[in-house]
2 protein chains.
Amino acid sequence: MSGFLRYKKILDLFSEERSSWTVLEISKALETPSSTIYRIIREMVSAEFLESAAGSYFRLGPAFIKFNRIINFSDPLVRAGQPFLKKLADENPITSVNVLARLYGNKVMCVADYKSPSFKKNTSYQRGKLMPLIYGATSRAIIMQITNKKLQDLINLENFKSDEDKNNFLKDLKNDRKKGYCFTEGQVDKGLIGFAVSISNKKLGIEASLSSIFDLDEFLLEHEPVIYANLTSYGLLVEKYINEIFEDIQKYHHETNSIR
Amino acid sequence: MSGFLRYKKILDLFSEERSSWTVLEISKALETPSSTIYRIIREMVSAEFLESAAGSYFRLGPAFIKFNRIINFSDPLVRAGQPFLKKLADENPITSVNVLARLYGNKVMCVADYKSPSFKKNTSYQRGKLMPLIYGATSRAIIMQITNKKLQDLINLENFKSDEDKNNFLKDLKNDRKKGYCFTEGQVDKGLIGFAVSISNKKLGIEASLSSIFDLDEFLLEHEPVIYANLTSYGLLVEKYINEIFEDIQKYHHETNSIR
DNA sequence: AGCTTAATTATCAAATAATGATAATTGTCT
DNA sequence: AGACAATTATCATTATTTGATAATTAAGCT
């Protein structure tokens, strides 16, 4: 183990299910002597990436809250899209969960979400959560904008049940790309349906989606045109704002560089 | 530069004001050859702690969103306190910003916040933001529970205008400790006032505070008893929940350890 | 499409840091 | 105060990082 991986392997042990670890537990899990782990943990604690909790346990440190905030206030996708999620929810014909998501490695990550206050069911789409690449409208609206080699590489990492499954998936993808939006039913959460449109910005390397998730029990066919109209118009609006933010950033960097 | 510091120094360059950097800029800022920075950046990008943006710029990566989420769902303070912030806001006599904050190094960090929808003015208290240790009720309710050497060390890091200032601060601290809550006016944001109570849990090493911030223009003296009652009762409630979460965690670790 | 320049990766010997077994110290609980 | 667990210190060995330079790849421009 070397470089940043040494630290990342430790951080990756911490999860929602298991959020505190002792040095001995880490030492066992990574098959590394505890004297080494003690040394590394000490470093990470002093950098506030970990912190010591009760009973010689350690947990994730406040550095993550700090950097998360910086992303919130500076990430073009979050900045551009976050403010529209509530509006989208308010304009949808029935209660909804509205999500901005993006590619994260070979998964999809939700980077912002807004749930109507009266939305009852639980959903998997919450900020920071990783979602499967090939299930759900949210994910599909992201991969349907990816092409060629990158798409091949991503798809090859997935385990399809059969070749037929894989071909069907690719066919659906093609259709949705033509239509310009996605619909799926119960692929991620039972009893929920999702609609999604792509969000992209080539210059900023953004491959994302905007989606609305509804309770199947509340949904009527007549809602679809409104949902579709809302998503596409807000999707375009978000892309427009991303572009404005991009120009702001450019201007800023231009200024700071010419001062030097 | 060695160990984790090598990586942390790069991450620390990223801020709300300056959220993207090129390799060359980092190389200059840290006075390190660009070939070295390139290598390190590559590592951090593949770990998703950084990501490449447009125009050969790099920005903070989605790993922070992911780990932030894990903290949200597992940190005892956030888990216990977050749900009460809205309730506190709703029960306060006038619109308010309500904040959970904790010690972070020699600063205070807001770890959860809820602003009444109709609250007009801007405040500095937002999740993830670092606040000064010696200004504002939010901070004072934290340090007033700290004693002896730890208090000395923290105070010694602060720059007081004069020795008199320092002594007055310590005197105020002592008074507030007796009263059990803090009040300050305009110390952090002009035109705003803050009330705060301490939140602590020795076993979990939690040194925190719960606070409500109001617009001075809306505040009347008759509001104070209600504000005070709300804060103290919710403060105790949060501490009770922290304790329950602590016991849950213990039970969980007990189980997982006996399985092995 | 081809040309130009900037961005990024690869190479490798020298310099530096990480490792882990062990011992020493500190902290905690009764 | 004593016993046990947690943490830190030590240090020779081993492995990794460094940075100057060269090679490659990507991006911008006409």
# chains A, B, ... in the order shown; residues from 1 in each chain; ligands from 1

$ closest_atom_pairs --of "chain B" --to "chain C" --cutoff "8 Å" --atoms "only C-alpha atoms (C1' of nucleotides)" --output "tab-separated table"
residue	atom	partner	partner_atom	distance
B:Ser2	CA	C:DA17	C1'	7.3
B:Tyr38	CA	C:DT8	C1'	7.7
B:Ser56	CA	C:DA7	C1'	7.5

$ calpha_fit_and_write --fixed "chain A" --moving "chain B" --output "PDB file with C-alpha atoms, in the first residue's frame"
ATOM      1  CA  MET B   1       0.101   0.123  -0.014  1.00  0.00           C
ATOM      2  CA  SER B   2       1.496   3.523  -0.807  1.00  0.00           C
ATOM      3  CA  GLY B   3       0.665   7.123  -1.506  1.00  0.00           C
ATOM      4  CA  PHE B   4      -2.835   8.388  -1.047  1.00  0.00           C
ATOM      5  CA  LEU B   5      -4.251   4.880  -1.223  1.00  0.00           C
ATOM      6  CA  ARG B   6      -2.910   4.215   2.243  1.00  0.00           C
ATOM      7  CA  TYR B   7      -5.235   6.881   3.600  1.00  0.00           C
ATOM      8  CA  LYS B   8      -8.128   6.193   1.293  1.00  0.00           C
ATOM      9  CA  LYS B   9      -8.283   2.524   2.280  1.00  0.00           C
ATOM     10  CA  ILE B  10      -8.832   3.541   5.860  1.00  0.00           C
ATOM     11  CA  LEU B  11     -11.474   6.135   5.001  1.00  0.00           C
ATOM     12  CA  ASP B  12     -13.291   3.625   2.813  1.00  0.00           C
ATOM     13  CA  LEU B  13     -13.903   1.423   5.818  1.00  0.00           C
ATOM     14  CA  PHE B  14     -16.257   4.028   7.228  1.00  0.00           C
ATOM     15  CA  SER B  15     -19.827   3.668   6.039  1.00  0.00           C
ATOM     16  CA  GLU B  16     -23.342   4.514   7.075  1.00  0.00           C
ATOM     17  CA  GLU B  17     -23.675   1.020   8.538  1.00  0.00           C
ATOM     18  CA  ARG B  18     -20.334   1.069  10.324  1.00  0.00           C
ATOM     19  CA  SER B  19     -19.290   4.561  11.157  1.00  0.00           C
ATOM     20  CA  SER B  20     -16.723   3.979  13.884  1.00  0.00           C
ATOM     21  CA  TRP B  21     -13.678   1.750  14.061  1.00  0.00           C
ATOM     22  CA  THR B  22     -10.924   1.083  16.548  1.00  0.00           C
ATOM     23  CA  VAL B  23      -7.296   0.972  15.506  1.00  0.00           C
ATOM     24  CA  LEU B  24      -7.223  -2.757  16.132  1.00  0.00           C
ATOM     25  CA  GLU B  25     -10.249  -3.340  13.931  1.00  0.00           C
ATOM     26  CA  ILE B  26      -8.714  -1.311  11.127  1.00  0.00           C
ATOM     27  CA  SER B  27      -5.453  -3.129  11.595  1.00  0.00           C
ATOM     28  CA  LYS B  28      -7.221  -6.475  11.183  1.00  0.00           C
ATOM     29  CA  ALA B  29      -9.363  -5.331   8.266  1.00  0.00           C
ATOM     30  CA  LEU B  30      -6.375  -4.046   6.292  1.00  0.00           C
ATOM     31  CA  GLU B  31      -3.957  -6.726   7.498  1.00  0.00           C
ATOM     32  CA  THR B  32      -1.489  -4.096   8.597  1.00  0.00           C
ATOM     33  CA  PRO B  33       0.344  -3.901  11.936  1.00  0.00           C
ATOM     34  CA  SER B  34      -1.346  -1.711  14.483  1.00  0.00           C
ATOM     35  CA  SER B  35       1.742   0.401  15.074  1.00  0.00           C
ATOM     36  CA  THR B  36       1.531   1.487  11.456  1.00  0.00           C
ATOM     37  CA  ILE B  37      -2.199   2.187  11.694  1.00  0.00           C
ATOM     38  CA  TYR B  38      -1.720   4.182  14.867  1.00  0.00           C
ATOM     39  CA  ARG B  39       0.782   6.398  13.109  1.00  0.00           C
ATOM     40  CA  ILE B  40      -1.449   6.953  10.094  1.00  0.00           C
ATOM     41  CA  ILE B  41      -4.568   7.567  12.164  1.00  0.00           C
ATOM     42  CA  ARG B  42      -2.716  10.145  14.202  1.00  0.00           C
ATOM     43  CA  GLU B  43      -1.861  12.012  11.023  1.00  0.00           C
ATOM     44  CA  MET B  44      -5.433  11.924   9.804  1.00  0.00           C
ATOM     45  CA  VAL B  45      -6.827  13.031  13.149  1.00  0.00           C
ATOM     46  CA  SER B  46      -4.541  16.039  13.208  1.00  0.00           C
ATOM     47  CA  ALA B  47      -5.731  16.864   9.689  1.00  0.00           C
ATOM     48  CA  GLU B  48      -9.347  16.513  10.954  1.00  0.00           C
ATOM     49  CA  PHE B  49     -10.190  13.813   8.433  1.00  0.00           C
ATOM     50  CA  LEU B  50     -10.797  11.486  11.348  1.00  0.00           C
ATOM     51  CA  GLU B  51     -11.604  12.206  14.961  1.00  0.00           C
ATOM     52  CA  SER B  52     -11.487  10.124  18.068  1.00  0.00           C
ATOM     53  CA  ALA B  53     -14.812   9.155  19.568  1.00  0.00           C
ATOM     54  CA  ALA B  54     -15.731   7.344  22.772  1.00  0.00           C
ATOM     55  CA  GLY B  55     -14.162   4.030  23.748  1.00  0.00           C
ATOM     56  CA  SER B  56     -11.058   4.285  21.575  1.00  0.00           C
ATOM     57  CA  TYR B  57     -13.160   4.408  18.459  1.00  0.00           C
ATOM     58  CA  PHE B  58     -12.498   6.735  15.566  1.00  0.00           C
ATOM     59  CA  ARG B  59     -14.961   8.279  13.155  1.00  0.00           C
ATOM     60  CA  LEU B  60     -14.914  10.545  10.109  1.00  0.00           C
ATOM     61  CA  GLY B  61     -13.806  14.060  10.930  1.00  0.00           C
ATOM     62  CA  PRO B  62     -15.219  17.500  10.288  1.00  0.00           C
ATOM     63  CA  ALA B  63     -12.924  18.174   7.326  1.00  0.00           C
ATOM     64  CA  PHE B  64     -15.528  16.446   5.184  1.00  0.00           C
ATOM     65  CA  ILE B  65     -18.233  18.841   6.327  1.00  0.00           C
ATOM     66  CA  LYS B  66     -15.986  21.758   5.510  1.00  0.00           C
ATOM     67  CA  PHE B  67     -15.022  20.616   2.029  1.00  0.00           C
ATOM     68  CA  ASN B  68     -18.569  19.527   1.310  1.00  0.00           C
ATOM     69  CA  ARG B  69     -19.643  23.063   2.026  1.00  0.00           C
ATOM     70  CA  ILE B  70     -17.076  24.471  -0.352  1.00  0.00           C
ATOM     71  CA  ILE B  71     -18.397  22.168  -3.059  1.00  0.00           C
ATOM     72  CA  ASN B  72     -21.950  23.268  -2.300  1.00  0.00           C
ATOM     73  CA  PHE B  73     -21.020  26.873  -2.815  1.00  0.00           C
ATOM     74  CA  SER B  74     -18.752  26.386  -5.779  1.00  0.00           C
ATOM     75  CA  ASP B  75     -19.634  23.293  -7.817  1.00  0.00           C
ATOM     76  CA  PRO B  76     -21.268  24.613 -10.973  1.00  0.00           C
ATOM     77  CA  LEU B  77     -23.800  21.793 -11.143  1.00  0.00           C
ATOM     78  CA  VAL B  78     -24.916  22.111  -7.537  1.00  0.00           C
ATOM     79  CA  ARG B  79     -24.904  25.902  -7.629  1.00  0.00           C
ATOM     80  CA  ALA B  80     -26.880  26.039 -10.847  1.00  0.00           C
ATOM     81  CA  GLY B  81     -29.322  23.255 -10.092  1.00  0.00           C
ATOM     82  CA  GLN B  82     -29.970  23.341  -6.349  1.00  0.00           C
ATOM     83  CA  PRO B  83     -32.199  26.434  -6.378  1.00  0.00           C
ATOM     84  CA  PHE B  84     -34.521  24.924  -8.986  1.00  0.00           C
ATOM     85  CA  LEU B  85     -35.277  21.663  -7.231  1.00  0.00           C
ATOM     86  CA  LYS B  86     -37.869  23.175  -4.901  1.00  0.00           C
ATOM     87  CA  LYS B  87     -39.464  25.094  -7.760  1.00  0.00           C
ATOM     88  CA  LEU B  88     -39.652  21.932  -9.798  1.00  0.00           C
ATOM     89  CA  ALA B  89     -41.264  20.121  -6.873  1.00  0.00           C
ATOM     90  CA  ASP B  90     -43.807  22.903  -6.403  1.00  0.00           C
ATOM     91  CA  GLU B  91     -44.787  22.874 -10.073  1.00  0.00           C
ATOM     92  CA  ASN B  92     -45.113  19.128 -10.414  1.00  0.00           C
ATOM     93  CA  PRO B  93     -48.753  17.941 -10.454  1.00  0.00           C
ATOM     94  CA  ILE B  94     -48.220  15.514  -7.555  1.00  0.00           C
ATOM     95  CA  THR B  95     -45.733  15.247  -4.694  1.00  0.00           C
ATOM     96  CA  SER B  96     -42.240  14.335  -5.831  1.00  0.00           C
ATOM     97  CA  VAL B  97     -38.604  13.855  -5.006  1.00  0.00           C
ATOM     98  CA  ASN B  98     -36.377  15.895  -7.273  1.00  0.00           C
ATOM     99  CA  VAL B  99     -32.786  15.010  -7.827  1.00  0.00           C
ATOM    100  CA  LEU B 100     -29.615  16.270  -9.442  1.00  0.00           C
ATOM    101  CA  ALA B 101     -27.213  13.414 -10.075  1.00  0.00           C
ATOM    102  CA  ARG B 102     -23.885  12.893 -11.811  1.00  0.00           C
ATOM    103  CA  LEU B 103     -21.399  10.254 -12.793  1.00  0.00           C
ATOM    104  CA  TYR B 104     -19.074   9.199  -9.985  1.00  0.00           C
ATOM    105  CA  GLY B 105     -16.592   6.604 -11.132  1.00  0.00           C
ATOM    106  CA  ASN B 106     -18.738   3.795 -12.437  1.00  0.00           C
ATOM    107  CA  LYS B 107     -21.709   4.716 -10.286  1.00  0.00           C
ATOM    108  CA  VAL B 108     -24.161   7.589 -10.185  1.00  0.00           C
ATOM    109  CA  MET B 109     -24.171  10.000  -7.285  1.00  0.00           C
ATOM    110  CA  CYS B 110     -26.974  12.225  -6.160  1.00  0.00           C
ATOM    111  CA  VAL B 111     -25.496  15.690  -5.555  1.00  0.00           C
ATOM    112  CA  ALA B 112     -28.627  17.586  -4.566  1.00  0.00           C
ATOM    113  CA  ASP B 113     -32.183  16.613  -3.697  1.00  0.00           C
ATOM    114  CA  TYR B 114     -35.464  18.184  -2.689  1.00  0.00           C
ATOM    115  CA  LYS B 115     -38.430  16.193  -1.452  1.00  0.00           C
ATOM    116  CA  SER B 116     -41.926  17.697  -1.285  1.00  0.00           C
ATOM    117  CA  PRO B 117     -42.783  17.933   2.416  1.00  0.00           C
ATOM    118  CA  SER B 118     -45.806  15.680   1.952  1.00  0.00           C
ATOM    119  CA  PHE B 119     -43.993  12.935   0.038  1.00  0.00           C
ATOM    120  CA  LYS B 120     -44.616   9.789   2.050  1.00  0.00           C
ATOM    121  CA  LYS B 121     -42.536   6.881   0.780  1.00  0.00           C
ATOM    122  CA  ASN B 122     -38.824   6.395   1.353  1.00  0.00           C
ATOM    123  CA  THR B 123     -36.540   6.820  -1.623  1.00  0.00           C
ATOM    124  CA  SER B 124     -32.953   5.863  -2.267  1.00  0.00           C
ATOM    125  CA  TYR B 125     -32.190   9.225  -3.786  1.00  0.00           C
ATOM    126  CA  GLN B 126     -30.490  11.332  -1.166  1.00  0.00           C
ATOM    127  CA  ARG B 127     -27.555  13.669  -1.544  1.00  0.00           C
ATOM    128  CA  GLY B 128     -24.262  11.798  -1.451  1.00  0.00           C
ATOM    129  CA  LYS B 129     -25.740   8.384  -2.058  1.00  0.00           C
ATOM    130  CA  LEU B 130     -24.290   6.196  -4.774  1.00  0.00           C
ATOM    131  CA  MET B 131     -26.780   4.623  -7.155  1.00  0.00           C
ATOM    132  CA  PRO B 132     -26.444   1.820  -9.712  1.00  0.00           C
ATOM    133  CA  LEU B 133     -25.483   2.910 -13.197  1.00  0.00           C
ATOM    134  CA  ILE B 134     -27.992   0.871 -15.129  1.00  0.00           C
ATOM    135  CA  TYR B 135     -31.181   1.149 -13.080  1.00  0.00           C
ATOM    136  CA  GLY B 136     -33.522   4.072 -12.731  1.00  0.00           C
ATOM    137  CA  ALA B 137     -34.316   7.038 -14.940  1.00  0.00           C
ATOM    138  CA  THR B 138     -31.897   9.257 -13.013  1.00  0.00           C
ATOM    139  CA  SER B 139     -28.974   7.092 -14.049  1.00  0.00           C
ATOM    140  CA  ARG B 140     -30.183   6.435 -17.544  1.00  0.00           C
ATOM    141  CA  ALA B 141     -30.438  10.129 -18.395  1.00  0.00           C
ATOM    142  CA  ILE B 142     -26.769  10.333 -17.514  1.00  0.00           C
ATOM    143  CA  ILE B 143     -25.425   7.403 -19.498  1.00  0.00           C
ATOM    144  CA  MET B 144     -27.601   8.084 -22.493  1.00  0.00           C
ATOM    145  CA  GLN B 145     -25.449  11.157 -23.178  1.00  0.00           C
ATOM    146  CA  ILE B 146     -22.229   9.148 -23.012  1.00  0.00           C
ATOM    147  CA  THR B 147     -20.946   7.589 -26.197  1.00  0.00           C
ATOM    148  CA  ASN B 148     -18.237   5.485 -27.814  1.00  0.00           C
ATOM    149  CA  LYS B 149     -15.391   4.127 -25.764  1.00  0.00           C
ATOM    150  CA  LYS B 150     -16.411   5.681 -22.460  1.00  0.00           C
ATOM    151  CA  LEU B 151     -19.853   4.087 -22.722  1.00  0.00           C
ATOM    152  CA  GLN B 152     -18.330   0.739 -23.634  1.00  0.00           C
ATOM    153  CA  ASP B 153     -15.977   0.841 -20.657  1.00  0.00           C
ATOM    154  CA  LEU B 154     -18.791   1.695 -18.266  1.00  0.00           C
ATOM    155  CA  ILE B 155     -21.134  -0.958 -19.624  1.00  0.00           C
ATOM    156  CA  ASN B 156     -18.432  -3.600 -19.499  1.00  0.00           C
ATOM    157  CA  LEU B 157     -18.088  -3.110 -15.761  1.00  0.00           C
ATOM    158  CA  GLU B 158     -21.750  -3.983 -15.215  1.00  0.00           C
ATOM    159  CA  ASN B 159     -23.057  -7.470 -14.594  1.00  0.00           C
ATOM    160  CA  PHE B 160     -26.063  -8.080 -16.792  1.00  0.00           C
ATOM    161  CA  LYS B 161     -28.096 -11.183 -16.142  1.00  0.00           C
ATOM    162  CA  SER B 162     -27.759 -12.195 -19.783  1.00  0.00           C
ATOM    163  CA  ASP B 163     -26.567 -10.908 -23.149  1.00  0.00           C
ATOM    164  CA  GLU B 164     -30.198 -10.366 -24.018  1.00  0.00           C
ATOM    165  CA  ASP B 165     -30.593  -8.109 -20.989  1.00  0.00           C
ATOM    166  CA  LYS B 166     -27.586  -6.122 -22.070  1.00  0.00           C
ATOM    167  CA  ASN B 167     -28.851  -5.702 -25.623  1.00  0.00           C
ATOM    168  CA  ASN B 168     -32.281  -4.628 -24.404  1.00  0.00           C
ATOM    169  CA  PHE B 169     -30.639  -2.078 -22.172  1.00  0.00           C
ATOM    170  CA  LEU B 170     -28.628  -0.646 -25.053  1.00  0.00           C
ATOM    171  CA  LYS B 171     -31.730  -0.554 -27.244  1.00  0.00           C
ATOM    172  CA  ASP B 172     -33.696   1.324 -24.561  1.00  0.00           C
ATOM    173  CA  LEU B 173     -30.799   3.725 -24.177  1.00  0.00           C
ATOM    174  CA  LYS B 174     -30.847   4.492 -27.886  1.00  0.00           C
ATOM    175  CA  ASN B 175     -34.606   5.120 -27.845  1.00  0.00           C
ATOM    176  CA  ASP B 176     -34.401   7.396 -24.848  1.00  0.00           C
ATOM    177  CA  ARG B 177     -31.570   9.326 -26.445  1.00  0.00           C
ATOM    178  CA  LYS B 178     -33.860  10.022 -29.397  1.00  0.00           C
ATOM    179  CA  LYS B 179     -36.814  10.980 -27.214  1.00  0.00           C
ATOM    180  CA  GLY B 180     -34.613  13.181 -25.008  1.00  0.00           C
ATOM    181  CA  TYR B 181     -35.918  11.905 -21.709  1.00  0.00           C
ATOM    182  CA  CYS B 182     -36.254   8.742 -19.657  1.00  0.00           C
ATOM    183  CA  PHE B 183     -38.959   6.946 -17.754  1.00  0.00           C
ATOM    184  CA  THR B 184     -38.541   3.936 -15.484  1.00  0.00           C
ATOM    185  CA  GLU B 185     -40.793   2.112 -13.053  1.00  0.00           C
ATOM    186  CA  GLY B 186     -39.683   0.476  -9.827  1.00  0.00           C
ATOM    187  CA  GLN B 187     -36.123  -0.212 -10.961  1.00  0.00           C
ATOM    188  CA  VAL B 188     -34.549   1.271  -7.849  1.00  0.00           C
ATOM    189  CA  ASP B 189     -37.396   1.570  -5.335  1.00  0.00           C
ATOM    190  CA  LYS B 190     -40.527  -0.561  -5.518  1.00  0.00           C
ATOM    191  CA  GLY B 191     -43.689   1.494  -5.993  1.00  0.00           C
ATOM    192  CA  LEU B 192     -41.867   4.539  -7.317  1.00  0.00           C
ATOM    193  CA  ILE B 193     -41.487   5.830 -10.868  1.00  0.00           C
ATOM    194  CA  GLY B 194     -38.911   8.198 -12.266  1.00  0.00           C
ATOM    195  CA  PHE B 195     -38.641  10.705 -15.104  1.00  0.00           C
ATOM    196  CA  ALA B 196     -35.335  12.276 -16.065  1.00  0.00           C
ATOM    197  CA  VAL B 197     -33.577  14.525 -18.550  1.00  0.00           C
ATOM    198  CA  SER B 198     -29.871  14.927 -19.264  1.00  0.00           C
ATOM    199  CA  ILE B 199     -27.817  17.852 -18.043  1.00  0.00           C
ATOM    200  CA  SER B 200     -24.473  18.407 -19.677  1.00  0.00           C
ATOM    201  CA  ASN B 201     -21.740  20.916 -20.216  1.00  0.00           C
ATOM    202  CA  LYS B 202     -18.824  19.829 -22.333  1.00  0.00           C
ATOM    203  CA  LYS B 203     -16.419  22.547 -21.297  1.00  0.00           C
ATOM    204  CA  LEU B 204     -16.978  21.844 -17.619  1.00  0.00           C
ATOM    205  CA  GLY B 205     -16.998  18.083 -18.139  1.00  0.00           C
ATOM    206  CA  ILE B 206     -20.447  17.771 -16.604  1.00  0.00           C
ATOM    207  CA  GLU B 207     -22.421  14.611 -17.300  1.00  0.00           C
ATOM    208  CA  ALA B 208     -25.489  14.755 -15.121  1.00  0.00           C
ATOM    209  CA  SER B 209     -29.261  14.474 -14.937  1.00  0.00           C
ATOM    210  CA  LEU B 210     -32.296  16.164 -13.469  1.00  0.00           C
ATOM    211  CA  SER B 211     -35.069  13.846 -12.360  1.00  0.00           C
ATOM    212  CA  SER B 212     -38.424  13.725 -10.634  1.00  0.00           C
ATOM    213  CA  ILE B 213     -39.553  10.669  -8.722  1.00  0.00           C
ATOM    214  CA  PHE B 214     -43.204   9.960  -7.940  1.00  0.00           C
ATOM    215  CA  ASP B 215     -45.351   7.539  -5.997  1.00  0.00           C
ATOM    216  CA  LEU B 216     -46.879   5.122  -8.507  1.00  0.00           C
ATOM    217  CA  ASP B 217     -50.123   5.111  -6.513  1.00  0.00           C
ATOM    218  CA  GLU B 218     -50.616   8.843  -7.034  1.00  0.00           C
ATOM    219  CA  PHE B 219     -49.603   8.951 -10.666  1.00  0.00           C
ATOM    220  CA  LEU B 220     -52.139   9.378 -13.481  1.00  0.00           C
ATOM    221  CA  LEU B 221     -51.358   9.330 -17.167  1.00  0.00           C
ATOM    222  CA  GLU B 222     -52.566  12.877 -17.612  1.00  0.00           C
ATOM    223  CA  HIS B 223     -49.725  14.071 -15.371  1.00  0.00           C
ATOM    224  CA  GLU B 224     -47.062  13.008 -17.788  1.00  0.00           C
ATOM    225  CA  PRO B 225     -47.132  15.991 -20.182  1.00  0.00           C
ATOM    226  CA  VAL B 226     -46.748  18.448 -17.295  1.00  0.00           C
ATOM    227  CA  ILE B 227     -43.934  16.425 -15.722  1.00  0.00           C
ATOM    228  CA  TYR B 228     -42.209  16.227 -19.039  1.00  0.00           C
ATOM    229  CA  ALA B 229     -42.603  19.955 -19.706  1.00  0.00           C
ATOM    230  CA  ASN B 230     -41.292  20.850 -16.237  1.00  0.00           C
ATOM    231  CA  LEU B 231     -38.246  18.645 -16.504  1.00  0.00           C
ATOM    232  CA  THR B 232     -37.226  19.790 -19.970  1.00  0.00           C
ATOM    233  CA  SER B 233     -37.699  23.464 -19.240  1.00  0.00           C
ATOM    234  CA  TYR B 234     -35.904  23.335 -15.881  1.00  0.00           C
ATOM    235  CA  GLY B 235     -33.236  21.141 -17.434  1.00  0.00           C
ATOM    236  CA  LEU B 236     -32.498  23.798 -20.016  1.00  0.00           C
ATOM    237  CA  LEU B 237     -32.558  26.475 -17.346  1.00  0.00           C
ATOM    238  CA  VAL B 238     -30.020  24.590 -15.259  1.00  0.00           C
ATOM    239  CA  GLU B 239     -27.762  24.196 -18.281  1.00  0.00           C
ATOM    240  CA  LYS B 240     -28.036  27.895 -18.985  1.00  0.00           C
ATOM    241  CA  TYR B 241     -27.043  28.743 -15.413  1.00  0.00           C
ATOM    242  CA  ILE B 242     -24.160  26.294 -15.519  1.00  0.00           C
ATOM    243  CA  ASN B 243     -22.934  28.151 -18.540  1.00  0.00           C
ATOM    244  CA  GLU B 244     -23.184  31.498 -16.793  1.00  0.00           C
ATOM    245  CA  ILE B 245     -21.298  30.149 -13.799  1.00  0.00           C
ATOM    246  CA  PHE B 246     -18.656  28.817 -16.160  1.00  0.00           C
ATOM    247  CA  GLU B 247     -18.201  32.255 -17.656  1.00  0.00           C
ATOM    248  CA  ASP B 248     -17.971  33.809 -14.185  1.00  0.00           C
ATOM    249  CA  ILE B 249     -15.267  31.354 -13.208  1.00  0.00           C
ATOM    250  CA  GLN B 250     -13.331  32.079 -16.377  1.00  0.00           C
ATOM    251  CA  LYS B 251     -13.542  35.800 -15.820  1.00  0.00           C
ATOM    252  CA  TYR B 252     -12.385  35.369 -12.237  1.00  0.00           C
ATOM    253  CA  HIS B 253      -9.403  33.268 -13.203  1.00  0.00           C
ATOM    254  CA  HIS B 254      -8.525  35.696 -15.936  1.00  0.00           C
ATOM    255  CA  GLU B 255      -8.465  38.527 -13.406  1.00  0.00           C
ATOM    256  CA  THR B 256      -6.483  36.717 -10.738  1.00  0.00           C
ATOM    257  CA  ASN B 257      -3.955  35.520 -13.278  1.00  0.00           C
ATOM    258  CA  SER B 258      -3.348  38.928 -14.786  1.00  0.00           C
ATOM    259  CA  ILE B 259      -2.774  40.470 -11.364  1.00  0.00           C
ATOM    260  CA  ARG B 260       0.234  38.260 -10.842  1.00  0.00           C
TER     261      ARG B 260
END

$ select_by_dssp --residues "stretch 6-216 of chain A" --states "strand (DSSP E or B)" --output "count of residues only"
53

$ interface_residues --of "chain D" --to "chain A" --cutoff "8 Å" --atoms "only C-alpha atoms (C1' of nucleotides)" --output "NGL selection string"
:D and (6-7 or 16)

$ select_by_dssp --residues "stretch 7-255 of chain B" --states "helix (DSSP H, G or I)" --output "PyMOL selection string"
chain B and resi 7-11+23-29+34-46+54-56+63-74+76-91+137-143+148-156+163-179+221-255

$ decode --residues "stretch 11-29 of chain D" --atoms "C-alpha atoms (C1' of nucleotides)" --output "PDB file, in the first residue's frame"
ATOM      1  C1'  DC D  11      15.309   2.310  14.768  1.00  0.00           C
ATOM      2  C1'  DA D  12      17.329  -0.699  11.297  1.00  0.00           C
ATOM      3  C1'  DT D  13      15.442  -2.359   7.096  1.00  0.00           C
ATOM      4  C1'  DT D  14      12.752  -1.837   3.131  1.00  0.00           C
ATOM      5  C1'  DA D  15      10.090   0.658   0.024  1.00  0.00           C
ATOM      6  C1'  DT D  16       8.508   4.966  -1.819  1.00  0.00           C
ATOM      7  C1'  DT D  17       8.812   9.724  -3.200  1.00  0.00           C
ATOM      8  C1'  DT D  18      11.227  13.156  -5.578  1.00  0.00           C
ATOM      9  C1'  DG D  19      12.333  16.074  -9.468  1.00  0.00           C
ATOM     10  C1'  DA D  20      15.003  16.967 -13.679  1.00  0.00           C
ATOM     11  C1'  DT D  21      14.305  15.603 -18.166  1.00  0.00           C
ATOM     12  C1'  DA D  22      12.395  13.344 -22.121  1.00  0.00           C
ATOM     13  C1'  DA D  23       8.398  11.462 -24.418  1.00  0.00           C
ATOM     14  C1'  DT D  24       3.692  11.491 -25.326  1.00  0.00           C
ATOM     15  C1'  DT D  25      -0.887  13.195 -25.723  1.00  0.00           C
ATOM     16  C1'  DA D  26      -4.427  16.687 -25.985  1.00  0.00           C
ATOM     17  C1'  DA D  27      -6.203  21.314 -27.256  1.00  0.00           C
ATOM     18  C1'  DG D  28      -6.483  25.340 -29.786  1.00  0.00           C
ATOM     19  C1'  DC D  29      -6.028  27.655 -33.996  1.00  0.00           C
TER      20       DC D  29
END
